[in-house]
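*Asks:* Data: query_35.cif, mmCIF, C-alpha atoms.
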data_data
#
loop_
_atom_site.label_atom_id
_atom_site.label_comp_id
_atom_site.auth_asym_id
_atom_site.auth_seq_id
_atom_site.Cartn_x
_atom_site.Cartn_y
_atom_site.Cartn_z
CA MET A 907 -17.06 39.41 -15.97
CA MET A 908 -16.99 41.85 -18.90
CA GLU A 909 -17.70 44.79 -16.56
CA ARG A 910 -14.78 43.72 -14.38
CA ASP A 911 -12.46 43.59 -17.44
CA LEU A 912 -13.54 47.07 -18.45
CA GLU A 913 -12.86 48.33 -14.94
CA MET A 914 -9.37 46.83 -15.06
CA ARG A 915 -8.42 48.48 -18.35
CA PRO A 916 -7.37 51.83 -16.79
CA VAL A 917 -5.24 49.93 -14.28
CA GLN A 918 -3.65 47.98 -17.12
CA GLY A 919 -2.99 51.26 -18.93
CA VAL A 920 -1.25 52.72 -15.90
CA LEU A 921 0.88 49.58 -15.50
CA TRP A 922 1.85 49.55 -19.18
CA MET A 923 2.78 53.24 -19.00
CA LEU A 924 4.75 52.62 -15.82
CA ALA A 925 6.69 49.86 -17.60
CA SER A 926 7.25 52.22 -20.53
CA GLY A 927 8.65 54.92 -18.26
CA LEU A 928 11.01 52.50 -16.54
CA SER A 929 12.23 51.26 -19.94
CA PHE A 930 13.05 54.80 -21.05
CA VAL A 931 14.82 55.46 -17.74
CA GLY A 932 16.94 52.42 -18.60
CA VAL A 933 17.77 54.10 -21.91
CA ASN A 934 18.75 57.30 -20.10
CA ALA A 935 20.87 55.44 -17.57
CA LEU A 936 22.90 53.57 -20.17
CA VAL A 937 23.47 56.59 -22.42
CA ARG A 938 24.49 58.67 -19.37
CA TRP A 939 26.82 55.87 -18.27
CA LEU A 940 28.43 55.68 -21.72
CA GLY A 941 29.21 59.39 -21.39
CA THR A 942 31.27 61.22 -24.00
CA ASP A 943 33.70 58.46 -24.98
CA LEU A 944 31.84 58.02 -28.27
CA PRO A 945 30.58 60.93 -30.43
CA ALA A 946 26.82 61.52 -30.12
CA ALA A 947 26.15 60.66 -33.78
CA GLN A 948 28.09 57.40 -33.55
CA SER A 949 26.33 56.29 -30.35
CA ALA A 950 22.97 57.16 -31.89
CA PHE A 951 23.79 55.29 -35.11
CA LEU A 952 24.81 52.12 -33.28
CA ARG A 953 21.66 52.26 -31.12
CA PHE A 954 19.41 52.55 -34.19
CA ALA A 955 21.38 49.98 -36.14
CA PHE A 956 20.61 47.45 -33.40
CA GLY A 957 16.98 48.58 -33.57
CA VAL A 958 16.89 47.84 -37.31
CA VAL A 959 18.21 44.34 -36.60
CA PHE A 960 15.37 43.80 -34.12
CA LEU A 961 12.83 45.08 -36.67
CA ILE A 962 14.04 43.25 -39.79
CA PRO A 963 10.98 40.91 -39.74
CA THR A 964 8.80 44.04 -39.95
CA ILE A 965 10.93 46.14 -42.31
CA LEU A 966 11.23 43.59 -45.16
CA PRO A 967 7.45 43.13 -45.70
CA VAL A 968 6.98 46.93 -45.60
CA LEU A 969 9.59 47.46 -48.33
CA ARG A 970 8.13 44.65 -50.46
CA ALA A 971 4.61 46.06 -50.16
CA GLY A 972 5.62 49.54 -51.35
CA PHE A 973 4.20 52.88 -50.23
CA ALA A 974 0.97 54.76 -50.68
CA PRO A 975 1.15 57.90 -52.89
CA GLY A 976 2.74 60.76 -50.94
CA ALA A 977 3.97 58.54 -48.12
CA LEU A 978 7.65 58.29 -49.08
CA PRO A 979 8.40 62.05 -48.81
CA LEU A 980 6.76 62.04 -45.39
CA PHE A 981 8.85 59.05 -44.30
CA LEU A 982 12.00 60.85 -45.46
CA GLY A 983 10.97 64.13 -43.82
CA ARG A 984 10.33 62.35 -40.56
CA GLY A 985 13.67 60.60 -40.84
CA VAL A 986 15.48 63.94 -41.20
CA ALA A 987 13.69 65.49 -38.20
CA HIS A 988 14.19 62.43 -36.01
CA THR A 989 17.85 62.05 -37.01
CA ALA A 990 18.62 65.60 -35.90
CA ALA A 991 16.64 65.15 -32.69
CA VAL A 992 18.45 61.92 -31.80
CA ILE A 993 21.91 63.49 -32.27
CA PHE A 994 20.91 66.46 -30.09
CA TRP A 995 19.46 64.14 -27.43
CA PHE A 996 22.53 61.89 -27.24
CA TYR A 997 24.75 64.98 -26.92
CA ALA A 998 22.63 66.43 -24.08
CA MET A 999 22.11 63.13 -22.27
CA ALA A 1000 25.87 62.54 -22.00
CA ARG A 1001 26.46 65.98 -20.45
CA LEU A 1002 23.43 67.03 -18.37
CA PRO A 1003 21.91 65.53 -15.22
CA VAL A 1004 19.39 62.83 -16.08
CA ALA A 1005 16.48 64.64 -14.36
CA GLU A 1006 17.20 67.84 -16.26
CA VAL A 1007 17.15 66.13 -19.65
CA THR A 1008 13.88 64.40 -18.69
CA ALA A 1009 12.22 67.63 -17.55
CA ILE A 1010 13.17 69.57 -20.69
CA GLY A 1011 11.95 66.64 -22.78
CA TYR A 1012 8.46 67.18 -21.39
CA LEU A 1013 8.21 70.16 -23.77
CA ASN A 1014 7.61 67.71 -26.61
CA PRO A 1015 3.78 67.46 -26.32
CA ILE A 1016 3.46 71.23 -26.03
CA LEU A 1017 5.51 71.75 -29.19
CA VAL A 1018 3.35 69.14 -30.91
CA THR A 1019 0.23 71.10 -29.91
CA LEU A 1020 1.67 74.31 -31.38
CA GLY A 1021 2.82 72.52 -34.53
CA ALA A 1022 -0.57 70.91 -35.08
CA ALA A 1023 -2.22 74.32 -34.85
CA LEU A 1024 0.22 75.92 -37.28
CA LEU A 1025 0.50 73.08 -39.82
CA PHE A 1026 -2.80 71.19 -39.58
CA GLY A 1027 -5.11 74.04 -38.66
CA GLU A 1028 -6.13 72.47 -35.36
CA ARG A 1029 -7.99 74.89 -33.12
CA LEU A 1030 -5.83 76.49 -30.44
CA GLY A 1031 -8.47 77.65 -27.95
CA LEU A 1032 -7.97 79.65 -24.79
CA ARG A 1033 -7.48 76.60 -22.55
CA ARG A 1034 -4.92 75.09 -24.91
CA MET A 1035 -3.07 78.40 -25.08
CA LEU A 1036 -3.09 78.58 -21.28
CA ALA A 1037 -1.66 75.05 -21.06
CA VAL A 1038 1.10 76.02 -23.52
CA ALA A 1039 1.91 79.17 -21.54
CA VAL A 1040 2.07 77.28 -18.24
CA ALA A 1041 4.30 74.60 -19.76
CA ILE A 1042 6.66 77.23 -21.17
CA LEU A 1043 6.81 78.78 -17.68
CA GLY A 1044 7.81 75.35 -16.34
CA ALA A 1045 10.58 75.12 -18.96
CA VAL A 1046 11.88 78.56 -17.98
CA ILE A 1047 12.01 77.42 -14.34
CA VAL A 1048 14.01 74.34 -15.35
CA LEU A 1049 16.45 76.29 -17.53
CA ARG A 1050 16.63 79.42 -15.32
CA PRO A 1051 18.18 81.73 -17.95
CA GLY A 1052 19.89 84.68 -16.27
CA LEU A 1053 20.28 82.83 -12.97
CA ARG A 1054 22.93 80.49 -14.39
CA ASP A 1055 24.93 80.02 -17.56
CA LEU A 1056 23.15 77.82 -20.08
CA SER A 1057 25.44 75.38 -21.85
CA LEU A 1058 25.38 74.03 -25.39
CA ALA A 1059 23.93 70.82 -23.88
CA HIS A 1060 20.85 72.73 -22.62
CA LEU A 1061 20.26 74.21 -26.07
CA SER A 1062 20.82 70.76 -27.56
CA GLN A 1063 18.06 69.23 -25.45
CA VAL A 1064 15.63 72.00 -26.40
CA CYS A 1065 16.47 71.30 -30.05
CA ALA A 1066 15.96 67.58 -29.40
CA ALA A 1067 12.47 68.21 -28.00
CA SER A 1068 11.66 70.33 -31.06
CA GLY A 1069 12.94 67.67 -33.44
CA PHE A 1070 10.97 64.90 -31.74
CA ALA A 1071 7.85 67.09 -31.92
CA ALA A 1072 8.38 67.53 -35.67
CA SER A 1073 8.82 63.76 -36.01
CA TYR A 1074 5.52 63.19 -34.19
CA LEU A 1075 3.73 65.60 -36.54
CA PHE A 1076 5.06 63.70 -39.56
CA ALA A 1077 3.86 60.48 -37.92
CA LYS A 1078 0.42 61.98 -37.43
CA ARG A 1079 0.17 62.80 -41.13
CA LEU A 1080 1.47 59.32 -42.02
CA SER A 1081 -1.11 57.59 -39.82
CA GLY A 1082 -3.68 57.88 -42.61
CA LEU A 1083 -1.31 56.48 -45.26
CA ALA A 1084 0.51 53.59 -43.55
CA SER A 1085 0.10 51.09 -40.74
CA ALA A 1086 1.62 51.66 -37.31
CA GLY A 1087 4.10 48.84 -37.91
CA ALA A 1088 5.22 50.38 -41.21
CA ILE A 1089 5.65 53.81 -39.59
CA VAL A 1090 7.86 52.41 -36.81
CA ALA A 1091 9.88 50.24 -39.20
CA MET A 1092 10.53 53.05 -41.67
CA LEU A 1093 11.51 55.41 -38.86
CA SER A 1094 14.21 53.01 -37.67
CA LEU A 1095 15.50 52.45 -41.21
CA CYS A 1096 15.51 56.14 -42.22
CA VAL A 1097 17.15 57.33 -38.99
CA THR A 1098 19.85 54.64 -39.19
CA LEU A 1099 20.70 55.67 -42.76
CA GLY A 1100 20.49 59.35 -41.81
CA LEU A 1101 22.89 58.92 -38.90
CA LEU A 1102 25.45 56.88 -40.85
CA PRO A 1103 27.29 59.77 -42.60
CA PHE A 1104 27.46 61.78 -39.37
CA ALA A 1105 28.81 58.75 -37.51
CA LEU A 1106 31.47 58.12 -40.16
CA LEU A 1107 32.72 61.73 -39.99
CA ASN A 1108 34.30 61.09 -36.59
CA TRP A 1109 34.22 57.33 -36.05
CA GLN A 1110 35.94 56.13 -32.89
CA PRO A 1111 36.98 52.58 -31.92
CA VAL A 1112 34.14 50.77 -30.12
CA THR A 1113 34.59 48.23 -27.34
CA LEU A 1114 32.44 45.16 -26.87
CA VAL A 1115 31.12 46.67 -23.63
CA GLN A 1116 29.97 49.79 -25.46
CA LEU A 1117 28.36 47.71 -28.20
CA GLY A 1118 26.57 45.60 -25.61
CA ALA A 1119 25.32 48.69 -23.76
CA LEU A 1120 23.99 50.24 -26.98
CA ALA A 1121 22.26 46.98 -27.90
CA VAL A 1122 20.51 47.05 -24.53
CA VAL A 1123 19.63 50.72 -25.16
CA ALA A 1124 17.93 49.67 -28.40
CA LEU A 1125 16.09 46.85 -26.62
CA CYS A 1126 14.92 49.16 -23.81
CA ALA A 1127 13.75 51.81 -26.28
CA THR A 1128 11.84 49.24 -28.36
CA THR A 1129 10.26 47.86 -25.18
CA GLY A 1130 9.35 51.36 -24.02
CA HIS A 1131 7.57 52.20 -27.29
CA TYR A 1132 5.75 48.85 -27.25
CA CYS A 1133 4.53 49.36 -23.66
CA MET A 1134 3.43 52.89 -24.48
CA SER A 1135 1.42 51.64 -27.45
CA ARG A 1136 -0.26 49.03 -25.24
CA ALA A 1137 -1.04 51.68 -22.64
CA PHE A 1138 -2.73 53.91 -25.24
CA ALA A 1139 -4.69 50.91 -26.54
CA VAL A 1140 -6.24 49.90 -23.20
CA ALA A 1141 -6.79 53.23 -21.42
CA PRO A 1142 -7.49 56.89 -22.24
CA MET A 1143 -4.52 59.24 -22.40
CA ALA A 1144 -6.14 61.22 -19.58
CA VAL A 1145 -5.40 58.20 -17.37
CA THR A 1146 -1.96 57.29 -18.70
CA GLN A 1147 -0.47 60.76 -19.29
CA PRO A 1148 0.05 61.71 -15.61
CA VAL A 1149 2.06 58.50 -15.11
CA THR A 1150 4.77 59.96 -17.34
CA PHE A 1151 5.61 62.36 -14.51
CA LEU A 1152 7.05 59.39 -12.64
CA GLN A 1153 9.86 59.33 -15.22
CA LEU A 1154 11.15 62.52 -13.61
CA VAL A 1155 11.06 60.84 -10.20
CA TRP A 1156 12.93 57.78 -11.50
CA ALA A 1157 15.42 60.00 -13.34
CA THR A 1158 16.07 62.05 -10.20
CA LEU A 1159 16.66 58.91 -8.12
CA LEU A 1160 18.85 57.46 -10.85
CA GLY A 1161 20.99 60.59 -11.00
CA LEU A 1162 21.27 60.73 -7.21
CA LEU A 1163 21.96 57.07 -6.45
CA VAL A 1164 23.95 55.99 -9.49
CA PHE A 1165 25.68 59.11 -10.83
CA GLY A 1166 25.95 61.19 -7.66
CA GLU A 1167 23.92 64.08 -9.13
CA GLY A 1168 22.28 66.44 -6.66
CA ILE A 1169 18.52 66.96 -6.46
CA ASP A 1170 17.62 70.22 -8.20
CA GLY A 1171 14.41 71.68 -6.81
CA PHE A 1172 14.00 73.97 -9.82
CA VAL A 1173 14.09 70.97 -12.18
CA LEU A 1174 11.48 69.10 -10.14
CA LEU A 1175 9.23 72.16 -9.85
CA GLY A 1176 9.51 73.06 -13.53
CA GLY A 1177 8.96 69.47 -14.61
CA ALA A 1178 5.91 69.19 -12.36
CA ILE A 1179 4.45 72.38 -13.86
CA ILE A 1180 5.00 71.16 -17.42
CA ILE A 1181 3.45 67.74 -16.87
CA THR A 1182 0.52 69.26 -14.93
CA ALA A 1183 -0.25 71.53 -17.87
CA ILE A 1184 -0.02 68.61 -20.30
CA SER A 1185 -2.15 66.33 -18.11
CA ALA A 1186 -4.85 68.95 -17.55
CA ASN A 1187 -5.08 69.63 -21.28
CA THR A 1188 -5.14 65.90 -22.10
CA TRP A 1189 -7.84 65.20 -19.50
CA ARG A 1190 -10.03 68.04 -20.79
CA GLU A 1191 -9.74 66.98 -24.43
CA ALA A 1192 -10.49 63.35 -23.52
CA ARG A 1193 -13.63 64.49 -21.69
CA LEU A 1194 -14.72 66.57 -24.68
CA ARG A 1195 -14.19 63.60 -27.04
CA ARG A 1196 -16.18 61.34 -24.72
CA ARG A 1197 -19.03 63.84 -24.60
CA ALA A 1198 -19.03 64.15 -28.41
CA ASP A 1199 -19.12 60.36 -28.73
CA GLU A 1200 -22.07 60.17 -26.33
CA VAL A 1201 -23.96 62.80 -28.31
CA ALA A 1202 -23.24 61.00 -31.60
CA ALA A 1203 -24.39 57.68 -30.13
CA ALA A 1204 -27.65 59.23 -28.96
CA LEU A 1205 -28.52 60.54 -32.43
#
Please lay out the structure from this file as structure tokens.

*Replies:*
Amino acid sequence: MMERDLEMRPVQGVLWMLASGLSFVGVNALVRWLGTDLPAAQSAFLRFAFGVVFLIPTILPVLRAGFAPGALPLFLGRGVAHTAAVIFWFYAMARLPVAEVTAIGYLNPILVTLGAALLFGERLGLRRMLAVAVAILGAVIVLRPGLRDLSLAHLSQVCAASGFAASYLFAKRLSGLASAGAIVAMLSLCVTLGLLPFALLNWQPVTLVQLGALAVVALCATTGHYCMSRAFAVAPMAVTQPVTFLQLVWATLLGLLVFGEGIDGFVLLGGAIIITAISANTWREARLRRRADEVAAAL
């Protein structure tokens, strides 16, 4: 019975990651549907404000418990990086095809790899460097500079991917100082407070429909992060990572069927190249970790 459960864990991981991807596609769909009627900072603030409401049972105990030495500056630094990334992402998502935003967003893990090497001294071997180069090639194919005019929205999504990568690096440093629940709770609180002044600069009247849509955005995003965490808990990233490519498929179908966006072969090709590079690198590193664990167990 135990062997059967162990065999099912990769399948569970794939299903959890599939649910995560569909949740994030729901986020994309609603933000794209809301369009440009609300400023990006205001939409982002309302989405995170709803997220804080959902997380109040987690946030209050974290604040009462206090922080480990050195944790608060990291929480604030992550809040700044994530706030900027969220504003950039909302701006791009309201103006670019859904599939294009999704494909450019795949740069995030590659930027994290580069950041970890520069900031944490992680080894950037030949295979990692090759994966980074291939992923950057995929991004160039998606963006096609010189073959078309790149808009401010394209640059905004590249900035969003960079900001989210910086946020992930802060989270990695925080993982040794705070629990996962505290890290998620403080992110929601810091980003909501960080977005507030930007939202107030150009506040527009909000309808009940817009409020309802942004509440659902917050719910979908929270669900997506929860499903992703469950996927990582029950299966190796080498198994779950390739499933993220399906987000590009869902995004393409969403853009085609709901928003009347054409299918861009360059976006699909570039996105496939990026996720292949990420998956190959993830699979190799998972195999190396497994081999190291086997050697350690044998000693």

*Asks:* Determine the residue set returned by the PyMOL selection byres ((chain A and resi 1130) around 9) for the present structure, and present it as a PDB file with C-alpha atoms, in the frame of the given file.

*Replies:*
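Result went into part25.pdb, see below:
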ATOM      1  CA  MET A 923       2.780  53.240 -19.000  1.00  0.00           C
ATOM      2  CA  ALA A 925       6.690  49.860 -17.600  1.00  0.00           C
ATOM      3  CA  SER A 926       7.250  52.220 -20.530  1.00  0.00           C
ATOM      4  CA  GLY A 927       8.650  54.920 -18.260  1.00  0.00           C
ATOM      5  CA  LEU A 928      11.010  52.500 -16.540  1.00  0.00           C
ATOM      6  CA  SER A 929      12.230  51.260 -19.940  1.00  0.00           C
ATOM      7  CA  PHE A 930      13.050  54.800 -21.050  1.00  0.00           C
ATOM      8  CA  LEU A1125      16.090  46.850 -26.620  1.00  0.00           C
ATOM      9  CA  CYS A1126      14.920  49.160 -23.810  1.00  0.00           C
ATOM     10  CA  ALA A1127      13.750  51.810 -26.280  1.00  0.00           C
ATOM     11  CA  THR A1128      11.840  49.240 -28.360  1.00  0.00           C
ATOM     12  CA  THR A1129      10.260  47.860 -25.180  1.00  0.00           C
ATOM     13  CA  HIS A1131       7.570  52.200 -27.290  1.00  0.00           C
ATOM     14  CA  TYR A1132       5.750  48.850 -27.250  1.00  0.00           C
ATOM     15  CA  CYS A1133       4.530  49.360 -23.660  1.00  0.00           C
ATOM     16  CA  MET A1134       3.430  52.890 -24.480  1.00  0.00           C
ATOM     17  CA  SER A1135       1.420  51.640 -27.450  1.00  0.00           C
TER      18      SER A1135
END

*Asks:* Can you translate the PyMOL selection byres ((chain A and resi 937) around 8) into the concrete residues it hits in this file, as a PyMOL selection string?

*Replies:* chain A and resi 933-936+938-941+996+999-1000+1120+1123

*Asks:* When the PyMOL selection byres ((chain A and resi 1180-1189) around 12) is applied to the file above, which residues end up in the set, as a PyMOL selection string?

*Replies:* chain A and resi 1008-1019+1030-1048+1142-1154+1173-1179+1190-1196

*Asks:* Given the choices A:Leu978, A:Ala991, A:Leu1025, A:Val968, which gets closest to Val1064 of chain A if the distance is worked out from all atoms listed in the file?

*Replies:* A:Ala991

*Asks:* When you count all atoms listed in the file, which of these residues is closest to Ala946 of chain A: A:Arg970, A:His988, A:Arg1001, A:Arg1136?

*Replies:*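 Comparing A:Arg970, A:His988, A:Arg1001, A:Arg1136 against Ala946 of chain A, the winner is A:Arg1001.
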
*Asks:* For each of A:Gly932, A:Pro945, A:Gly1161, A:Gly985, take the minimum atom-to-atom distance to Val1090 of chain A, counting only C-alpha atoms, then give the residue where this is smallest.

*Replies:*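 Smallest separation from Val1090 of chain A among the options: A:Gly985.
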
*Asks:* Using Å and a single decimal, report how far atom CA of Ala998 of chain A sits from atom CA of His1060 of chain A.

*Replies:*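 Calculated distance between atom CA of His1060 of chain A and atom CA of Ala998 of chain A is 6.7 Å.
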
*Asks:* Restricting the calculation to only C-alpha atoms: of A:Gly1166, A:Gly1027, A:Gly957, A:Gly1082, which residue gets closest to Pro975 of chain A?

*Replies:*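 Checking each of A:Gly1166, A:Gly1027, A:Gly957, A:Gly1082 against Pro975 of chain A, counting only C-alpha atoms, the winner is A:Gly1082.
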
*Asks:* Report, in Å with one decimal, the straight-line distance from atom CA of Val1097 of chain A to atom CA of Thr989 of chain A.

*Replies:* 5.2 Å

*Asks:* Just to confirm, what's the straight-line distance from atom CA of Ala1091 of chain A to atom CA of Leu1061 of chain A in Å (one decimal)?

*Replies:*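 Value for the atom CA of Ala1091 of chain A-atom CA of Leu1061 of chain A distance: 29.2 Å.
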
*Asks:* Under the rule that all atoms listed in the file are counted, which of A:Leu980, A:Val1007, A:Ile993, A:Ala971 is the nearest residue to Gly1069 of chain A?

*Replies:*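 The shortest atom-to-atom distance to Gly1069 of chain A comes from A:Ile993.
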
*Asks:* When distances are computed from only C-alpha atoms, which of A:Arg1050, A:Leu1083, A:Cys1096, A:Ile1169 shows the smallest separation from Gly976 of chain A?

*Replies:* A:Leu1083

*Asks:* Can you sort out the box for segment 992-1002 of chain A, edges along x, y and z, all listed atoms in, 6 Å on every side, with centre and edge lengths in Å to one decimal, as AutoDock Vina command-line options?

*Replies:*
--center_x 22.5 --center_y 64.5 --center_z -25.3 --size_x 20.0 --size_y 17.1 --size_z 25.9
